[in-house]
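Chemist: Structure supplied as my_file.cif; contents: mmCIF, C-alpha atoms.
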```
data_model
loop_
_atom_site.label_atom_id
_atom_site.label_comp_id
_atom_site.auth_asym_id
_atom_site.auth_seq_id
_atom_site.Cartn_x
_atom_site.Cartn_y
_atom_site.Cartn_z
CA MET A 1 0.00 0.00 0.00
CA SER A 2 1.06 3.57 -0.51
CA CYS A 3 0.73 4.65 3.13
CA GLY A 4 3.88 5.67 4.92
CA ASN A 5 4.29 6.33 8.64
CA SER A 6 2.09 9.39 8.48
CA CYS A 7 -1.13 7.50 7.84
CA ASN A 8 -2.75 4.31 8.96
CA SER A 9 -5.51 2.19 7.51
CA ASN A 10 -8.16 4.34 9.19
CA THR A 11 -6.98 7.53 7.53
CA THR A 12 -6.26 6.13 4.04
CA SER A 13 -8.24 8.20 1.61
CA ARG A 14 -10.78 6.58 -0.66
CA ARG A 15 -8.85 7.82 -3.69
CA GLY A 16 -5.53 6.50 -2.39
CA PHE A 17 -7.03 3.14 -1.63
CA LEU A 18 -8.66 2.82 -5.04
CA THR A 19 -5.51 3.95 -6.85
CA SER A 20 -3.30 1.45 -5.10
CA MET A 21 -5.85 -1.32 -5.62
CA ALA A 22 -6.08 -0.51 -9.33
CA ALA A 23 -2.31 -0.41 -9.61
CA SER A 24 -1.94 -3.79 -7.92
CA ALA A 25 -4.61 -5.33 -10.13
CA ALA A 26 -3.06 -3.90 -13.29
CA GLY A 27 0.40 -4.99 -12.22
CA ALA A 28 -0.86 -8.52 -11.76
CA THR A 29 -2.29 -8.68 -15.25
CA ALA A 30 -0.69 -6.50 -17.91
CA GLY A 31 1.45 -3.78 -16.41
CA LEU A 32 4.55 -3.47 -14.27
CA THR A 33 4.13 -1.59 -11.00
CA LEU A 34 7.14 0.69 -10.58
CA ALA A 35 5.97 2.32 -7.39
CA PRO A 36 2.69 2.58 -5.52
CA GLY A 37 0.29 4.26 -7.91
CA VAL A 38 2.78 4.25 -10.80
CA THR A 39 2.20 1.47 -13.30
CA LEU A 40 3.97 0.84 -16.55
CA PHE A 41 1.65 -0.64 -19.14
CA SER A 42 2.82 -2.39 -22.25
CA PRO A 43 1.19 -0.75 -25.26
CA ALA A 44 -1.74 -2.61 -26.75
CA GLN A 45 -0.90 -3.88 -30.18
CA ALA A 46 -3.12 -3.28 -33.19
CA ARG A 47 -3.77 -6.86 -34.21
CA ALA A 48 -6.56 -9.25 -34.94
CA ARG A 49 -8.16 -10.50 -31.76
CA GLY A 50 -8.33 -14.20 -31.14
CA LYS A 51 -11.46 -16.26 -31.55
CA GLY A 52 -13.91 -15.56 -28.75
CA GLU A 53 -11.95 -12.56 -27.49
CA ALA A 54 -13.99 -9.43 -26.75
CA ALA A 55 -13.01 -5.89 -27.74
CA SER A 56 -10.92 -4.31 -25.01
CA SER A 57 -10.91 -0.82 -23.56
CA LYS A 58 -7.11 -0.96 -23.62
CA VAL A 59 -7.49 -0.08 -27.29
CA ARG A 60 -9.01 3.21 -28.48
CA TRP A 61 -9.43 3.23 -32.22
CA GLY A 62 -9.00 6.58 -33.90
CA MET A 63 -8.40 8.22 -37.24
CA LEU A 64 -6.33 11.18 -38.32
CA VAL A 65 -7.34 13.11 -41.44
CA ASP A 66 -4.58 15.19 -43.02
CA ALA A 67 -6.56 17.92 -44.80
CA ASN A 68 -3.40 19.09 -46.58
CA LYS A 69 -3.24 15.82 -48.49
CA CYS A 70 -6.98 15.57 -49.21
CA ASP A 71 -7.85 16.74 -52.72
CA ASP A 72 -11.07 18.43 -53.69
CA GLY A 73 -12.78 16.17 -56.21
CA CYS A 74 -11.26 12.93 -54.94
CA THR A 75 -13.91 10.60 -53.57
CA ALA A 76 -11.84 7.44 -53.20
CA CYS A 77 -12.74 7.11 -49.51
CA VAL A 78 -16.47 7.60 -50.12
CA ASP A 79 -16.54 5.15 -53.02
CA ALA A 80 -14.58 2.53 -51.09
CA CYS A 81 -16.91 2.87 -48.09
CA ALA A 82 -20.03 2.55 -50.26
CA ASP A 83 -18.63 -0.53 -51.94
CA GLU A 84 -17.39 -2.14 -48.75
CA ASN A 85 -20.60 -1.59 -46.81
CA GLY A 86 -23.11 -1.69 -49.66
CA TRP A 87 -24.82 1.69 -49.18
CA GLN A 88 -24.91 2.81 -52.80
CA GLY A 89 -27.82 5.21 -53.18
CA GLU A 90 -31.32 4.52 -54.37
CA GLY A 91 -31.18 7.59 -56.62
CA ASN A 92 -32.81 9.89 -54.04
CA PRO A 93 -30.04 12.26 -52.93
CA ALA A 94 -32.26 13.87 -50.29
CA THR A 95 -32.75 10.64 -48.38
CA ASP A 96 -30.01 8.27 -49.49
CA ALA A 97 -27.74 6.91 -46.80
CA GLN A 98 -24.35 8.53 -46.46
CA TRP A 99 -21.81 6.98 -44.13
CA ILE A 100 -19.02 9.30 -45.22
CA ARG A 101 -19.09 12.45 -47.33
CA LYS A 102 -16.64 14.96 -48.70
CA VAL A 103 -17.02 18.48 -47.31
CA LYS A 104 -15.55 21.64 -48.76
CA VAL A 105 -14.89 24.40 -46.26
CA THR A 106 -13.91 27.92 -47.29
CA ASP A 107 -12.44 30.64 -45.12
CA PRO A 108 -14.56 33.71 -45.98
CA GLY A 109 -11.69 35.99 -45.01
CA THR A 110 -8.98 34.55 -47.21
CA GLY A 111 -11.07 32.55 -49.66
CA LYS A 112 -8.89 29.48 -49.07
CA SER A 113 -10.82 26.24 -49.54
CA GLN A 114 -10.14 22.85 -48.03
CA SER A 115 -11.66 19.49 -48.75
CA LEU A 116 -12.04 16.84 -46.12
CA PRO A 117 -14.04 13.70 -45.38
CA MET A 118 -16.70 13.85 -42.68
CA MET A 119 -18.08 10.77 -41.00
CA CYS A 120 -18.98 9.45 -37.56
CA GLN A 121 -16.33 10.89 -35.27
CA HIS A 122 -16.59 7.97 -32.81
CA CYS A 123 -16.81 10.26 -29.79
CA GLU A 124 -15.65 9.20 -26.38
CA GLU A 125 -18.79 10.91 -25.03
CA PRO A 126 -21.22 10.22 -27.87
CA PRO A 127 -24.45 12.25 -27.69
CA CYS A 128 -26.16 9.71 -29.96
CA VAL A 129 -25.73 7.09 -27.23
CA ASP A 130 -27.02 9.48 -24.56
CA VAL A 131 -30.29 10.18 -26.36
CA CYS A 132 -31.11 6.71 -27.69
CA PRO A 133 -34.32 5.50 -25.99
CA THR A 134 -33.70 1.79 -26.65
CA GLY A 135 -29.97 1.40 -26.08
CA ALA A 136 -29.46 0.61 -29.76
CA SER A 137 -26.93 3.39 -30.16
CA MET A 138 -23.87 2.11 -28.37
CA LYS A 139 -20.13 2.46 -27.91
CA ARG A 140 -17.94 -0.61 -27.98
CA ALA A 141 -15.18 -1.07 -25.40
CA ASP A 142 -12.57 -0.05 -27.96
CA GLY A 143 -14.36 3.23 -28.69
CA ILE A 144 -16.19 2.31 -31.91
CA VAL A 145 -19.70 3.80 -31.91
CA LEU A 146 -22.30 1.54 -33.52
CA VAL A 147 -26.04 1.12 -34.00
CA ASP A 148 -27.48 -2.20 -32.84
CA LYS A 149 -30.14 -2.47 -35.49
CA HIS A 150 -31.80 -5.31 -33.60
CA SER A 151 -32.98 -2.72 -31.08
CA CYS A 152 -33.17 0.39 -33.26
CA ILE A 153 -36.74 1.63 -33.66
CA GLY A 154 -35.85 4.32 -36.17
CA CYS A 155 -36.83 7.29 -33.97
CA ARG A 156 -33.85 9.26 -35.31
CA TYR A 157 -33.14 11.06 -32.01
CA CYS A 158 -29.47 10.16 -32.53
CA MET A 159 -29.46 11.87 -35.92
CA MET A 160 -30.67 15.07 -34.29
CA ALA A 161 -28.21 14.77 -31.41
CA CYS A 162 -25.15 14.26 -33.64
CA PRO A 163 -23.38 17.58 -34.25
CA TYR A 164 -21.59 16.09 -37.27
CA GLN A 165 -24.72 14.94 -39.14
CA ALA A 166 -22.96 11.65 -39.47
CA ARG A 167 -25.95 9.32 -39.31
CA SER A 168 -28.44 8.29 -41.96
CA PHE A 169 -31.89 6.75 -41.83
CA VAL A 170 -32.71 3.98 -44.26
CA HIS A 171 -35.94 5.03 -45.95
CA GLU A 172 -36.38 2.26 -48.49
CA PRO A 173 -36.26 -1.53 -48.48
CA VAL A 174 -32.74 -2.81 -48.97
CA SER A 175 -31.61 -5.87 -50.89
CA GLY A 176 -28.24 -7.29 -51.80
CA GLN A 177 -26.57 -6.35 -48.51
CA ARG A 178 -22.99 -7.37 -47.85
CA THR A 179 -22.80 -10.25 -45.40
CA HIS A 180 -20.61 -8.26 -43.00
CA ALA A 181 -22.71 -5.07 -43.14
CA PRO A 182 -26.38 -5.76 -42.44
CA ARG A 183 -28.62 -2.76 -43.15
CA GLY A 184 -32.35 -2.42 -43.48
CA LYS A 185 -35.30 -0.08 -43.79
CA GLY A 186 -36.40 1.72 -40.67
CA THR A 187 -33.04 1.78 -38.91
CA VAL A 188 -30.30 4.36 -38.49
CA GLU A 189 -26.75 3.70 -39.61
CA SER A 190 -23.37 5.36 -39.80
CA CYS A 191 -19.66 4.74 -40.23
CA THR A 192 -18.55 1.68 -38.26
CA PHE A 193 -14.80 2.24 -38.75
CA CYS A 194 -15.23 -0.96 -40.82
CA VAL A 195 -15.50 -2.85 -37.56
CA HIS A 196 -15.53 -6.21 -39.39
CA ARG A 197 -12.14 -5.40 -40.94
CA VAL A 198 -10.66 -3.88 -37.80
CA ASP A 199 -11.54 -7.03 -35.85
CA GLU A 200 -9.51 -9.01 -38.35
CA GLY A 201 -6.51 -6.71 -37.99
CA GLN A 202 -7.16 -4.80 -41.21
CA GLN A 203 -7.55 -1.08 -41.89
CA PRO A 204 -10.92 0.51 -42.69
CA ALA A 205 -11.77 0.51 -46.41
CA CYS A 206 -11.49 4.33 -46.71
CA VAL A 207 -7.98 4.35 -45.26
CA GLU A 208 -6.88 1.60 -47.61
CA ALA A 209 -8.43 3.38 -50.62
CA CYS A 210 -6.84 6.72 -49.70
CA GLY A 211 -3.47 5.01 -49.44
CA GLY A 212 -4.14 3.42 -52.83
CA THR A 213 -4.37 6.89 -54.40
CA LYS A 214 -0.89 7.69 -53.01
CA ARG A 215 -2.34 10.59 -51.04
CA GLY A 216 -2.27 8.86 -47.69
CA ALA A 217 -4.43 11.49 -46.04
CA LEU A 218 -5.99 9.01 -43.62
CA THR A 219 -4.22 7.28 -40.74
CA PHE A 220 -6.01 4.72 -38.61
CA GLY A 221 -4.76 3.17 -35.42
CA ASP A 222 -4.80 2.79 -31.67
CA LEU A 223 -4.74 6.12 -29.85
CA ASN A 224 -3.82 4.35 -26.60
CA ASP A 225 -0.67 2.90 -28.12
CA SER A 226 2.03 5.55 -27.96
CA GLU A 227 4.07 3.61 -30.53
CA SER A 228 1.32 3.58 -33.16
CA GLU A 229 1.70 5.76 -36.26
CA ILE A 230 -1.40 7.78 -35.42
CA SER A 231 -0.27 8.47 -31.85
CA LYS A 232 3.15 9.60 -33.04
CA LYS A 233 1.60 11.95 -35.58
CA ILE A 234 -0.80 13.39 -33.05
CA ALA A 235 2.07 13.90 -30.63
CA THR A 236 4.14 15.63 -33.32
CA TYR A 237 1.75 17.79 -35.32
CA PRO A 238 -0.96 20.23 -34.25
CA THR A 239 -4.21 18.38 -34.77
CA GLN A 240 -7.71 19.25 -33.75
CA ALA A 241 -11.13 17.73 -33.23
CA ILE A 242 -14.01 19.38 -35.03
CA ARG A 243 -16.30 21.14 -32.57
CA SER A 244 -13.90 20.39 -29.75
CA ASP A 245 -15.84 22.99 -27.76
CA LEU A 246 -18.56 20.38 -27.24
CA GLY A 247 -16.21 18.20 -25.21
CA LEU A 248 -17.19 14.99 -26.98
CA LYS A 249 -13.56 13.87 -27.39
CA PRO A 250 -13.91 12.47 -30.92
CA GLY A 251 -11.75 9.58 -32.08
CA VAL A 252 -11.34 11.30 -35.46
CA ARG A 253 -8.89 14.21 -35.53
CA TYR A 254 -7.94 16.60 -38.33
CA LEU A 255 -4.58 18.00 -39.33
CA GLY A 256 -4.04 21.19 -41.31
CA LEU A 257 -7.43 22.78 -40.79
CA ASP A 258 -7.52 26.60 -40.76
CA THR A 259 -9.52 27.84 -37.86
CA MET B 1 -48.29 -66.02 -39.32
CA THR B 2 -46.68 -64.95 -42.55
CA LEU B 3 -50.06 -64.38 -44.11
CA ARG B 4 -51.08 -62.24 -41.15
CA THR B 5 -47.94 -60.16 -41.47
CA ILE B 6 -48.53 -59.64 -45.16
CA ILE B 7 -52.12 -58.61 -44.55
CA SER B 8 -51.06 -56.21 -41.78
CA VAL B 9 -48.52 -54.58 -44.05
CA LEU B 10 -51.02 -54.29 -46.86
CA VAL B 11 -53.63 -52.77 -44.56
CA ALA B 12 -51.10 -50.34 -43.13
CA THR B 13 -49.98 -49.30 -46.60
CA PHE B 14 -53.56 -48.84 -47.70
CA VAL B 15 -54.36 -46.70 -44.66
CA PHE B 16 -51.21 -44.58 -45.19
CA VAL B 17 -52.00 -44.03 -48.87
CA ALA B 18 -55.61 -43.22 -48.02
CA ILE B 19 -54.54 -40.66 -45.37
CA SER B 20 -51.93 -39.10 -47.65
CA SER B 21 -54.29 -38.80 -50.56
CA SER B 22 -57.01 -37.40 -48.31
CA ALA B 23 -54.50 -34.83 -46.93
CA GLU B 24 -53.56 -33.76 -50.42
CA ALA B 25 -57.17 -33.81 -51.50
CA ALA B 26 -58.03 -31.58 -48.53
CA GLY B 27 -55.37 -29.13 -49.74
CA ARG B 28 -53.17 -29.45 -46.67
CA VAL B 29 -49.59 -28.30 -46.84
CA THR B 30 -47.06 -31.09 -47.12
CA ILE B 31 -44.29 -31.30 -44.55
CA PRO B 32 -41.27 -29.37 -45.83
CA GLU B 33 -37.97 -31.04 -46.59
CA PRO B 34 -35.34 -28.33 -46.31
CA ALA B 35 -32.15 -28.80 -48.31
CA LYS B 36 -29.21 -30.33 -46.46
CA GLY B 37 -26.14 -28.28 -45.63
CA LYS B 38 -23.03 -28.45 -47.78
CA GLY B 39 -20.71 -29.15 -44.88
CA ASP B 40 -20.15 -32.57 -43.33
CA GLN B 41 -21.90 -31.82 -40.11
CA CYS B 42 -23.92 -29.04 -38.45
CA VAL B 43 -22.64 -27.19 -35.39
CA ALA B 44 -25.10 -29.19 -33.30
CA ASP B 45 -27.59 -32.04 -33.62
CA THR B 46 -30.47 -31.46 -36.00
CA SER B 47 -33.09 -31.90 -33.28
CA PHE B 48 -31.29 -29.39 -31.04
CA MET B 49 -30.89 -26.88 -33.86
CA ARG B 50 -34.54 -27.20 -34.87
CA LYS B 51 -35.64 -26.09 -31.44
CA ASN B 52 -32.90 -23.72 -30.35
CA HIS B 53 -31.51 -21.96 -33.40
CA PRO B 54 -33.37 -18.68 -32.75
CA SER B 55 -31.97 -18.38 -29.23
CA LEU B 56 -28.46 -19.33 -30.31
CA LEU B 57 -28.48 -16.71 -33.04
CA LYS B 58 -29.97 -14.09 -30.74
CA HIS B 59 -27.33 -14.54 -28.06
CA GLN B 60 -24.45 -14.63 -30.47
CA ARG B 61 -25.58 -11.51 -32.29
CA ASP B 62 -25.31 -9.53 -29.05
CA ASP B 63 -21.88 -10.96 -28.31
CA THR B 64 -20.66 -10.15 -31.79
CA LEU B 65 -22.09 -6.68 -32.15
CA ARG B 66 -21.85 -5.31 -28.64
CA LYS B 67 -18.77 -7.08 -27.28
CA GLY B 68 -16.93 -7.58 -30.55
CA ILE B 69 -16.51 -11.34 -30.05
CA ARG B 70 -15.85 -12.89 -33.44
CA GLY B 71 -15.56 -16.44 -34.70
CA ASN B 72 -18.09 -18.17 -32.48
CA GLU B 73 -19.98 -21.08 -33.97
CA PHE B 74 -23.63 -20.05 -34.00
CA SER B 75 -23.35 -17.57 -36.81
CA LEU B 76 -26.16 -16.61 -39.18
CA LYS B 77 -23.53 -15.97 -41.83
CA GLU B 78 -22.33 -19.57 -41.52
CA CYS B 79 -25.91 -20.93 -41.61
CA VAL B 80 -26.56 -19.03 -44.83
CA ALA B 81 -23.24 -20.09 -46.38
CA CYS B 82 -23.64 -23.79 -45.57
CA HIS B 83 -27.35 -24.10 -46.34
CA ALA B 84 -27.39 -22.02 -49.53
CA VAL B 85 -29.69 -23.48 -52.19
CA ASP B 86 -28.81 -22.87 -55.80
CA GLY B 87 -31.57 -21.75 -58.13
CA LYS B 88 -32.03 -22.46 -61.83
CA ASP B 89 -29.30 -19.95 -62.68
CA ALA B 90 -26.85 -21.89 -60.46
CA LYS B 91 -26.66 -18.94 -58.07
CA PRO B 92 -27.82 -19.13 -54.44
CA VAL B 93 -31.46 -18.13 -54.07
CA THR B 94 -32.47 -15.26 -51.80
CA TYR B 95 -35.13 -15.34 -49.10
CA GLU B 96 -37.57 -14.08 -51.73
CA ASN B 97 -37.49 -17.55 -53.27
CA PRO B 98 -39.69 -20.26 -51.61
CA GLU B 99 -36.79 -22.71 -52.05
CA HIS B 100 -34.60 -20.77 -49.59
CA PHE B 101 -33.48 -23.01 -46.73
CA CYS B 102 -34.96 -20.84 -43.96
CA ARG B 103 -38.12 -20.11 -45.85
CA THR B 104 -39.12 -23.74 -46.44
CA CYS B 105 -39.82 -24.33 -42.75
CA HIS B 106 -40.78 -20.80 -41.76
CA ALA B 107 -43.49 -20.73 -44.40
CA TYR B 108 -44.79 -24.09 -43.15
CA VAL B 109 -45.02 -23.01 -39.51
CA ALA B 110 -46.18 -19.50 -40.44
CA VAL B 111 -43.47 -17.75 -38.40
CA LYS B 112 -42.45 -14.42 -39.85
CA LEU B 113 -38.73 -14.07 -40.26
CA ASP B 114 -37.22 -10.58 -39.98
CA CYS B 115 -33.52 -11.49 -40.16
CA PHE B 116 -33.26 -10.95 -43.89
CA GLU B 117 -34.74 -7.47 -43.87
CA CYS B 118 -31.21 -6.42 -42.90
CA HIS B 119 -28.98 -9.48 -43.25
CA ALA B 120 -27.88 -10.96 -46.55
CA SER B 121 -29.79 -14.18 -47.29
CA THR B 122 -27.13 -15.45 -49.69
CA PRO B 123 -23.43 -16.18 -49.06
CA ASP B 124 -20.82 -13.52 -49.67
CA LYS B 125 -19.88 -13.42 -53.35
CA LYS B 126 -16.21 -13.25 -52.44
CA ARG B 127 -16.46 -16.37 -50.32
CA GLN B 128 -14.83 -19.34 -51.97
CA ALA B 129 -16.39 -22.79 -52.03
CA ASN B 130 -13.36 -24.25 -50.27
CA GLU B 131 -14.02 -21.98 -47.29
CA LEU B 132 -17.22 -23.79 -46.45
CA PRO B 133 -17.15 -25.49 -43.08
CA LYS B 134 -16.03 -29.07 -43.62
CA LYS B 135 -16.29 -30.42 -40.17
CA HIS B 136 -16.79 -28.56 -36.95
CA PRO B 137 -14.91 -29.43 -33.80
CA PRO B 138 -16.98 -31.40 -31.29
CA THR B 139 -19.15 -29.04 -29.32
CA ASN B 140 -20.58 -29.42 -25.89
CA VAL B 141 -23.82 -27.82 -26.95
CA LEU B 142 -25.57 -28.22 -23.64
CA SER B 143 -22.91 -26.37 -21.69
CA SER B 144 -22.90 -23.61 -24.32
CA TRP B 145 -26.64 -23.42 -24.05
CA ARG B 146 -26.49 -23.05 -20.28
CA ASP B 147 -23.88 -20.33 -20.56
CA LEU B 148 -26.06 -18.45 -22.97
CA SER B 149 -29.12 -18.81 -20.76
CA ALA B 150 -27.21 -17.47 -17.80
CA GLN B 151 -26.19 -14.47 -19.84
CA THR B 152 -29.82 -13.65 -20.55
CA CYS B 153 -30.61 -13.59 -16.87
CA GLU B 154 -27.72 -11.24 -16.13
CA GLY B 155 -28.56 -8.92 -18.96
CA GLY B 156 -32.32 -8.97 -18.38
#
```
Please, can you express the file's structure as structure tokens?
Modeler:
Amino acid sequence: MSCGNSCNSNTTSRRGFLTSMAASAAGATAGLTLAPGVTLFSPAQARARGKGEAASSKVRWGMLVDANKCDDGCTACVDACADENGWQGEGNPATDAQWIRKVKVTDPGTGKSQSLPMMCQHCEEPPCVDVCPTGASMKRADGIVLVDKHSCIGCRYCMMACPYQARSFVHEPVSGQRTHAPRGKGTVESCTFCVHRVDEGQQPACVEACGGTKRGALTFGDLNDSESEISKKIATYPTQAIRSDLGLKPGVRYLGLDT
Amino acid sequence: MTLRTIISVLVATFVFVAISSSAEAAGRVTIPEPAKGKGDQCVADTSFMRKNHPSLLKHQRDDTLRKGIRGNEFSLKECVACHAVDGKDAKPVTYENPEHFCRTCHAYVAVKLDCFECHASTPDKKRQANELPKKHPPTNVLSSWRDLSAQTCEGG
């Protein structure tokens, strides 16, 4: 325990007790306890989980968008996402699903334009989860925000709560779904970070497609792993979350945005 | 004795034929015979699967989606892949077709099936034939079933 001579078990604070307990527990499993309350964790590796292994909160999946490398007019990420997850439109632009879209932002002062992809930001404090009346909107242990369509009643509260307009409602009957991306009329859907690929140790389809164009504007990885490419970039360059004022702590960060 | 046996068999056959023909004449639906799976063996006994497949799928879907547990054995995707029925065009039929494996029984028992409003009712096009499950490892189905039941109680 962390108590020295100056305290005894009666005066140990609740916080001190919990901290030392957590440190001991962590030391026993994954980390090395250097001193009371100081634990060295080995970084979680981005890899395919084993069969029957649940997603872990030791991993926090995130994405970094380098707006400097993102070209206006390139829709490789959008096309790859639509193909991977089977959400090609029904020909009704007003209501068609849109898991990821390209946005052009222009600084009215300088006239400088930037193009960037906008999708579910996989918030640490997702408002869509807060407002969902059925618990369908949910956040996985590794930070991926999903819709459990088995429980979704299509009320669309989450769509109104999302400041990024990242979610879509499926208005029409769907056929020819991909086996790994079920989607159907009357439910809400959004970017899943290609959870079926991530669970197999692969990158999301948009990241792969962006890399295929030699732009490499998208980086995906574990934000909790200080050795991951995304963590190193975030530690090196000035990045920002969109609408960081809301305190939602998004998993998607942007680099090179003029503010 | 032999004569009696022969007469009994003849009477039994006559009664069976009479019942069958009367059932057909009355326009009753014949018992479905769903197509067999392509693999060597199902993940559990046929009788067990007949009764429990909805619960198995329901529990596993929560594990997969909410906890991110992949690769467990009671997977709708695997059911669809193994029990796919090819149509006249040699492509697997969708749930829209009365020949679809799930539909044959569900139509007979008049139980509406919602799975395929969202899920694909045919195997993944990219999936190769040699990826089909050949033989599953022996499963202690009863213990799995108990585990799953316990989970319901905790969650509920």
Chemist: Up to 12 Å from chain B, what residues of chain A turn up? Count all atoms listed in the file and give them as a PyMOL selection string.
Modeler: chain A and resi 48-57+84-86+135-152+170+172-189+192+195-200
Chemist: Mind giving me the straight-line distance from CA of Asn68 in chain A to CA of Arg253 in chain A in Å, one decimal?
Modeler: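 Computing the Euclidean distance for CA of Asn68 in chain A and CA of Arg253 in chain A yields 13.3 Å.
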Chemist: Record the distance separating CA of Gly62 in chain A and CA of Val252 in chain A, expressed in Å with one decimal.
Modeler: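 Distance reported for this atom pair: 5.5 Å.
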Chemist: Quick one: pull the distance between CA of Ala44 in chain B and CA of His83 in chain B, Å, one decimal.
Modeler: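 Interatomic distance, CA of Ala44 in chain B to CA of His83 in chain B: 14.2 Å.
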Chemist: Where does the PyMOL selection byres ((chain A and resi 116-118) around 7) land in this file, that is, which residues does it pick, as a PDB file with C-alpha atoms, in the frame of the given file?
Modeler:
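And here's result_35.pdb as it stands now:
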```pdb
ATOM      1  CA  ALA A  67      -6.560  17.920 -44.800  1.00  0.00           C
ATOM      2  CA  CYS A  70      -6.980  15.570 -49.210  1.00  0.00           C
ATOM      3  CA  ILE A 100     -19.020   9.300 -45.220  1.00  0.00           C
ATOM      4  CA  ARG A 101     -19.090  12.450 -47.330  1.00  0.00           C
ATOM      5  CA  LYS A 102     -16.640  14.960 -48.700  1.00  0.00           C
ATOM      6  CA  VAL A 103     -17.020  18.480 -47.310  1.00  0.00           C
ATOM      7  CA  LYS A 104     -15.550  21.640 -48.760  1.00  0.00           C
ATOM      8  CA  GLN A 114     -10.140  22.850 -48.030  1.00  0.00           C
ATOM      9  CA  SER A 115     -11.660  19.490 -48.750  1.00  0.00           C
ATOM     10  CA  MET A 119     -18.080  10.770 -41.000  1.00  0.00           C
TER      11      MET A 119
END
```
Chemist: Find the residues around Cys162 in chain A up to 12 Å (all atoms listed in the file counted), leave out those fewer than 5 positions away in its own chain, and share them as a list in words.
Modeler: Met119, Cys120, Gln121, His122, Cys123, Glu125, Pro126, Pro127, Cys128, Val129, Asp130, Val131, Cys132, Ser137, Val145, Arg156, Tyr157, Arg167, Ser168, Ser190, Arg243, Leu246, Leu248 and Pro250 of chain A
Chemist: For the file shown, report as a list of chain:residue names the outcome of the PyMOL selection byres ((chain A and resi 78) around 9) at residue level.
Modeler: A:Cys74, A:Thr75, A:Ala76, A:Cys77, A:Asp79, A:Ala80, A:Cys81, A:Ala82, A:Asp83, A:Gln98, A:Trp99, A:Ile100, A:Arg101, A:Lys102, A:Pro117, A:Cys206
Chemist: Between B:Arg4, B:Ile31, B:Leu113, B:Tyr108, which has the minimum distance to Glu96 in chain B (counting all atoms listed in the file)?
Modeler: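 Between B:Arg4, B:Ile31, B:Leu113, B:Tyr108, the residue approaching Glu96 in chain B most closely is B:Leu113.
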Chemist: Restricting the calculation to all atoms listed in the file: of A:Pro238, A:Gly154, A:Gly247, A:Pro108, which residue gets closest to Thr134 in chain A?
Modeler: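 Once distances to Thr134 in chain A are computed over all atoms listed in the file, the minimum belongs to A:Gly154.
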Chemist: Quick one: apply the PyMOL selection byres ((chain A and resi 220) around 6) to the file and drop the selected residues here as an MDAnalysis selection string.
Modeler: chainID A and resid 62:63 219 221
Chemist: Export, as a PDB file, in the frame of the given file, the selected residues with C-alpha atoms.
Modeler:
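Result file follows (again_7.pdb):
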```pdb
ATOM      1  CA  GLY A  62      -9.000   6.580 -33.900  1.00  0.00           C
ATOM      2  CA  MET A  63      -8.400   8.220 -37.240  1.00  0.00           C
ATOM      3  CA  THR A 219      -4.220   7.280 -40.740  1.00  0.00           C
ATOM      4  CA  GLY A 221      -4.760   3.170 -35.420  1.00  0.00           C
TER       5      GLY A 221
END
```
Chemist: What lies within 8 Å of Pro34 in chain B using all atoms listed in the file, ignoring chain neighbours under 3 positions off, as number ranges by chain?
Modeler: B: 101-102, 104-105
Chemist: Please produce range 55-64 of chain B, completed to N, CA and C atoms, as an mmCIF file, in the frame of the given file.
Modeler:
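Result written to part_33.cif:
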```cif
data_model
loop_
_atom_site.group_PDB
_atom_site.id
_atom_site.type_symbol
_atom_site.label_atom_id
_atom_site.label_comp_id
_atom_site.auth_asym_id
_atom_site.auth_seq_id
_atom_site.Cartn_x
_atom_site.Cartn_y
_atom_site.Cartn_z
ATOM 1 N N SER B 55 -32.631 -18.883 -30.438
ATOM 2 C CA SER B 55 -31.970 -18.380 -29.230
ATOM 3 C C SER B 55 -30.460 -18.314 -29.418
ATOM 4 N N LEU B 56 -29.901 -19.321 -30.088
ATOM 5 C CA LEU B 56 -28.460 -19.330 -30.310
ATOM 6 C C LEU B 56 -28.043 -18.114 -31.128
ATOM 7 N N LEU B 57 -28.803 -17.853 -32.182
ATOM 8 C CA LEU B 57 -28.480 -16.710 -33.040
ATOM 9 C C LEU B 57 -28.646 -15.403 -32.283
ATOM 10 N N LYS B 58 -29.691 -15.337 -31.465
ATOM 11 C CA LYS B 58 -29.970 -14.090 -30.740
ATOM 12 C C LYS B 58 -28.856 -13.772 -29.753
ATOM 13 N N HIS B 59 -28.390 -14.791 -29.043
ATOM 14 C CA HIS B 59 -27.330 -14.540 -28.060
ATOM 15 C C HIS B 59 -26.026 -14.177 -28.750
ATOM 16 N N GLN B 60 -25.736 -14.886 -29.824
ATOM 17 C CA GLN B 60 -24.450 -14.630 -30.470
ATOM 18 C C GLN B 60 -24.425 -13.261 -31.140
ATOM 19 N N ARG B 61 -25.562 -12.815 -31.615
ATOM 20 C CA ARG B 61 -25.580 -11.510 -32.290
ATOM 21 C C ARG B 61 -25.187 -10.425 -31.290
ATOM 22 N N ASP B 62 -25.661 -10.544 -30.054
ATOM 23 C CA ASP B 62 -25.310 -9.530 -29.050
ATOM 24 C C ASP B 62 -23.822 -9.589 -28.713
ATOM 25 N N ASP B 63 -23.305 -10.813 -28.597
ATOM 26 C CA ASP B 63 -21.880 -10.960 -28.310
ATOM 27 C C ASP B 63 -21.039 -10.352 -29.428
ATOM 28 N N THR B 64 -21.447 -10.619 -30.655
ATOM 29 C CA THR B 64 -20.660 -10.150 -31.790
ATOM 30 C C THR B 64 -20.730 -8.644 -31.918
#
```
